[in-house]
Amino acid sequence: MANVSHTRGDISSHPDVSEMQARYARMLGGRDVALVDGPVFLLGLYCAVSPWILHYTTSQPALVPHNLIIGIAIGLLALGFTRAPERMYGLSWAMSALGVWMIISPWIVGDSPDTGVILNNVIIGGLAVLMGLVCAGTAARSTPRP
């Protein structure tokens with residue numbers, strides 16, 4: 001039977017510690033993913049529920065599923081950024097494109113939107129563009145150069 005009575009708090013003597021540290025560094029690519037991914041996820045969540053928060057489900061029925069779908073897409077991008085940052089940060093430009101679409105969508109999808117609806121989508125879109133650019137900048141900075 002193995003002796004399990006000793007303390008297991010320190011793994012510095014583990015034979016694979018250097019390999020684990022190198023893999024962790026490669027996976028994150030030097031990025032602090034929590035700084036960007038958390039706000040991106042919250043933005044997607046707010047975008048998805050904003051029609052009910054601002055009560056424009058009856059005045060702009062076409063924008064309700066639109067904002068829900070775009071919000072879910074932004075949230076999924078954030079989850080992808082967190083789960084596989086080395087593969088997903090290339091899609092940060094897609095988040096910027098979703099932001100631009102959110103800015104113009106009240107006039108394309110909506111029907112004579114009022115100021116509150118326009119302001120909501122423009123703020124969400126602007127934040128999505130800004131966060132997409134931050135993600136793209138972070139990815140460009142941490143991409144290894146040959």
# chains A, B, ... in the order shown; residues from 1 in each chain; ligands from 1

$ residues_around --residues "A:Leu133" --least-positions-apart "4" --cutoff "8 Å" --atoms "only C-alpha atoms" --output "list in words"
Ser92, Trp93, Ser96, Val129 and Gly137 of chain A

$ residues_around --residues "A:Ala94" --least-positions-apart "5" --cutoff "9 Å" --atoms "only C-alpha atoms" --output "ChimeraX atom specification"
/A:77,99,132

$ write_last_selection --atoms "N, CA, C and O atoms" --output "CSV table (one decimal), in the first residue's frame"
chain,number,residue,atom,x,y,z
A,77,LEU,N,-18.2,33.0,-28.3
A,77,LEU,CA,-16.8,33.4,-28.7
A,77,LEU,C,-16.0,33.5,-27.4
A,77,LEU,O,-14.8,33.1,-27.3
A,99,GLY,N,-19.8,43.4,-33.6
A,99,GLY,CA,-20.0,44.7,-33.1
A,99,GLY,C,-20.5,45.8,-34.1
A,99,GLY,O,-21.4,46.5,-33.8
A,132,GLY,N,-13.2,43.3,-29.3
A,132,GLY,CA,-12.6,42.5,-30.4
A,132,GLY,C,-11.2,43.0,-30.8
A,132,GLY,O,-10.3,42.2,-31.1

$ atom_distance --atom1 "atom CA of A:Ser112" --atom2 "atom CA of A:Gly126"
20.8 Å

$ atom_distance --atom1 "atom CA of A:Ala73" --atom2 "atom CA of A:Tyr56"
20.7 Å

$ residues_around --residues "stretch 52-55 of chain A" --least-positions-apart "3" --cutoff "10 Å" --atoms "only C-alpha atoms" --output "list in words"
Tyr46, Cys47, Ala48, Val49, Thr58, Ser59, Gln60, Val64, Gly116, Val117 and Asn120 of chain A

$ residues_around --residues "A:Asp37" --least-positions-apart "2" --cutoff "8 Å" --atoms "only C-alpha atoms" --output "list in words"
Val33, Ala34, Leu35, Pro39, Val40, Phe41, Ala78, Leu79, Phe81 and Thr82 of chain A

$ closest_residue --among "A:Leu42, A:Ile108, A:Ala62, A:Ala84" --to "A:Ala128" --atoms "only C-alpha atoms"
A:Leu42

$ atom_distance --atom1 "atom CA of A:Trp101" --atom2 "atom CA of A:Val122"
9.4 Å

$ closest_residue --among "A:Pro61, A:Leu43, A:Ile118, A:Ala97" --to "A:Leu76" --atoms "only C-alpha atoms"
A:Leu43

$ closest_residue --among "A:Thr138, A:Ser50, A:Ser13, A:Gln21" --to "A:Gly90" --atoms "only C-alpha atoms"
A:Thr138

$ closest_residue --among "A:Val134, A:Ile74, A:Val17, A:Ile123" --to "A:Met95" --atoms "only C-alpha atoms"
A:Ile74

$ decode --residues "stretch 95-110 of chain A" --atoms "all heavy atoms" --output "mmCIF file, in the first residue's frame"
data_model
loop_
_atom_site.group_PDB
_atom_site.id
_atom_site.type_symbol
_atom_site.label_atom_id
_atom_site.label_comp_id
_atom_site.auth_asym_id
_atom_site.auth_seq_id
_atom_site.Cartn_x
_atom_site.Cartn_y
_atom_site.Cartn_z
ATOM 1 N N MET A 95 -15.631 39.033 -33.708
ATOM 2 C CA MET A 95 -16.352 39.752 -32.670
ATOM 3 C C MET A 95 -16.446 41.233 -33.019
ATOM 4 O O MET A 95 -17.470 41.875 -32.788
ATOM 5 C CB MET A 95 -15.696 39.565 -31.306
ATOM 6 C CG MET A 95 -16.586 40.071 -30.202
ATOM 7 S SD MET A 95 -16.037 39.627 -28.599
ATOM 8 C CE MET A 95 -14.565 40.580 -28.488
ATOM 9 N N SER A 96 -15.391 41.783 -33.599
ATOM 10 C CA SER A 96 -15.449 43.171 -34.045
ATOM 11 C C SER A 96 -16.497 43.341 -35.147
ATOM 12 O O SER A 96 -17.231 44.330 -35.169
ATOM 13 C CB SER A 96 -14.081 43.630 -34.556
ATOM 14 O OG SER A 96 -13.164 43.677 -33.497
ATOM 15 N N ALA A 97 -16.576 42.362 -36.037
ATOM 16 C CA ALA A 97 -17.587 42.415 -37.096
ATOM 17 C C ALA A 97 -18.997 42.324 -36.512
ATOM 18 O O ALA A 97 -19.917 43.030 -36.973
ATOM 19 C CB ALA A 97 -17.353 41.290 -38.097
ATOM 20 N N LEU A 98 -19.189 41.480 -35.491
ATOM 21 C CA LEU A 98 -20.484 41.412 -34.819
ATOM 22 C C LEU A 98 -20.817 42.749 -34.171
ATOM 23 O O LEU A 98 -21.982 43.171 -34.161
ATOM 24 C CB LEU A 98 -20.492 40.309 -33.757
ATOM 25 C CG LEU A 98 -20.581 38.876 -34.254
ATOM 26 C CD1 LEU A 98 -20.407 37.901 -33.093
ATOM 27 C CD2 LEU A 98 -21.893 38.635 -34.955
ATOM 28 N N GLY A 99 -19.808 43.433 -33.642
ATOM 29 C CA GLY A 99 -20.031 44.749 -33.053
ATOM 30 C C GLY A 99 -20.485 45.769 -34.079
ATOM 31 O O GLY A 99 -21.425 46.546 -33.829
ATOM 32 N N VAL A 100 -19.851 45.769 -35.231
ATOM 33 C CA VAL A 100 -20.267 46.691 -36.299
ATOM 34 C C VAL A 100 -21.698 46.376 -36.723
ATOM 35 O O VAL A 100 -22.519 47.283 -36.924
ATOM 36 C CB VAL A 100 -19.299 46.605 -37.505
ATOM 37 C CG1 VAL A 100 -19.835 47.364 -38.701
ATOM 38 C CG2 VAL A 100 -17.915 47.131 -37.107
ATOM 39 N N TRP A 101 -22.020 45.096 -36.828
ATOM 40 C CA TRP A 101 -23.381 44.708 -37.190
ATOM 41 C C TRP A 101 -24.384 45.180 -36.134
ATOM 42 O O TRP A 101 -25.464 45.660 -36.462
ATOM 43 C CB TRP A 101 -23.487 43.203 -37.402
ATOM 44 C CG TRP A 101 -24.904 42.766 -37.578
ATOM 45 C CD1 TRP A 101 -25.657 42.030 -36.720
ATOM 46 C CD2 TRP A 101 -25.766 43.080 -38.677
ATOM 47 N NE1 TRP A 101 -26.922 41.871 -37.216
ATOM 48 C CE2 TRP A 101 -27.025 42.504 -38.416
ATOM 49 C CE3 TRP A 101 -25.601 43.797 -39.858
ATOM 50 C CZ2 TRP A 101 -28.096 42.625 -39.292
ATOM 51 C CZ3 TRP A 101 -26.678 43.914 -40.734
ATOM 52 C CH2 TRP A 101 -27.900 43.322 -40.432
ATOM 53 N N MET A 102 -24.023 45.066 -34.857
ATOM 54 C CA MET A 102 -24.923 45.517 -33.786
ATOM 55 C C MET A 102 -25.184 47.016 -33.885
ATOM 56 O O MET A 102 -26.288 47.479 -33.580
ATOM 57 C CB MET A 102 -24.347 45.184 -32.410
ATOM 58 C CG MET A 102 -24.527 43.752 -31.986
ATOM 59 S SD MET A 102 -26.236 43.239 -31.838
ATOM 60 C CE MET A 102 -26.802 44.240 -30.479
ATOM 61 N N ILE A 103 -24.189 47.775 -34.306
ATOM 62 C CA ILE A 103 -24.358 49.225 -34.429
ATOM 63 C C ILE A 103 -25.368 49.569 -35.511
ATOM 64 O O ILE A 103 -26.215 50.445 -35.319
ATOM 65 C CB ILE A 103 -22.996 49.903 -34.689
ATOM 66 C CG1 ILE A 103 -22.118 49.789 -33.444
ATOM 67 C CG2 ILE A 103 -23.175 51.364 -35.093
ATOM 68 C CD1 ILE A 103 -20.676 50.227 -33.646
ATOM 69 N N ILE A 104 -25.318 48.881 -36.643
ATOM 70 C CA ILE A 104 -26.209 49.230 -37.752
ATOM 71 C C ILE A 104 -27.518 48.443 -37.762
ATOM 72 O O ILE A 104 -28.451 48.797 -38.475
ATOM 73 C CB ILE A 104 -25.492 49.075 -39.114
ATOM 74 C CG1 ILE A 104 -25.076 47.624 -39.369
ATOM 75 C CG2 ILE A 104 -24.313 50.013 -39.206
ATOM 76 C CD1 ILE A 104 -24.517 47.365 -40.747
ATOM 77 N N SER A 105 -27.621 47.406 -36.958
ATOM 78 C CA SER A 105 -28.792 46.531 -37.006
ATOM 79 C C SER A 105 -30.123 47.176 -36.617
ATOM 80 O O SER A 105 -31.159 46.759 -37.148
ATOM 81 C CB SER A 105 -28.563 45.281 -36.160
ATOM 82 O OG SER A 105 -28.469 45.619 -34.793
ATOM 83 N N PRO A 106 -30.192 48.169 -35.732
ATOM 84 C CA PRO A 106 -31.519 48.731 -35.422
ATOM 85 C C PRO A 106 -32.232 49.293 -36.652
ATOM 86 O O PRO A 106 -33.453 49.209 -36.749
ATOM 87 C CB PRO A 106 -31.223 49.836 -34.402
ATOM 88 C CG PRO A 106 -29.948 49.471 -33.788
ATOM 89 C CD PRO A 106 -29.173 48.747 -34.851
ATOM 90 N N TRP A 107 -31.471 49.835 -37.585
ATOM 91 C CA TRP A 107 -32.081 50.408 -38.773
ATOM 92 C C TRP A 107 -32.353 49.357 -39.852
ATOM 93 O O TRP A 107 -33.232 49.542 -40.684
ATOM 94 C CB TRP A 107 -31.184 51.500 -39.353
ATOM 95 C CG TRP A 107 -31.055 52.654 -38.422
ATOM 96 C CD1 TRP A 107 -31.968 53.654 -38.234
ATOM 97 C CD2 TRP A 107 -29.978 52.920 -37.538
ATOM 98 N NE1 TRP A 107 -31.502 54.530 -37.285
ATOM 99 C CE2 TRP A 107 -30.286 54.102 -36.826
ATOM 100 C CE3 TRP A 107 -28.783 52.277 -37.253
ATOM 101 C CZ2 TRP A 107 -29.437 54.654 -35.882
ATOM 102 C CZ3 TRP A 107 -27.945 52.837 -36.307
ATOM 103 C CH2 TRP A 107 -28.272 54.003 -35.636
ATOM 104 N N ILE A 108 -31.609 48.254 -39.825
ATOM 105 C CA ILE A 108 -31.790 47.221 -40.850
ATOM 106 C C ILE A 108 -32.822 46.182 -40.403
ATOM 107 O O ILE A 108 -33.718 45.813 -41.156
ATOM 108 C CB ILE A 108 -30.440 46.551 -41.184
ATOM 109 C CG1 ILE A 108 -29.508 47.594 -41.807
ATOM 110 C CG2 ILE A 108 -30.620 45.355 -42.104
ATOM 111 C CD1 ILE A 108 -28.101 47.132 -42.034
ATOM 112 N N VAL A 109 -32.691 45.710 -39.161
ATOM 113 C CA VAL A 109 -33.578 44.670 -38.647
ATOM 114 C C VAL A 109 -34.823 45.277 -38.011
ATOM 115 O O VAL A 109 -35.920 44.761 -38.153
ATOM 116 C CB VAL A 109 -32.837 43.770 -37.629
ATOM 117 C CG1 VAL A 109 -33.765 42.727 -37.043
ATOM 118 C CG2 VAL A 109 -31.633 43.111 -38.284
ATOM 119 N N GLY A 110 -34.636 46.399 -37.307
ATOM 120 C CA GLY A 110 -35.735 47.018 -36.579
ATOM 121 C C GLY A 110 -36.692 47.781 -37.474
ATOM 122 O O GLY A 110 -36.452 47.970 -38.665
#
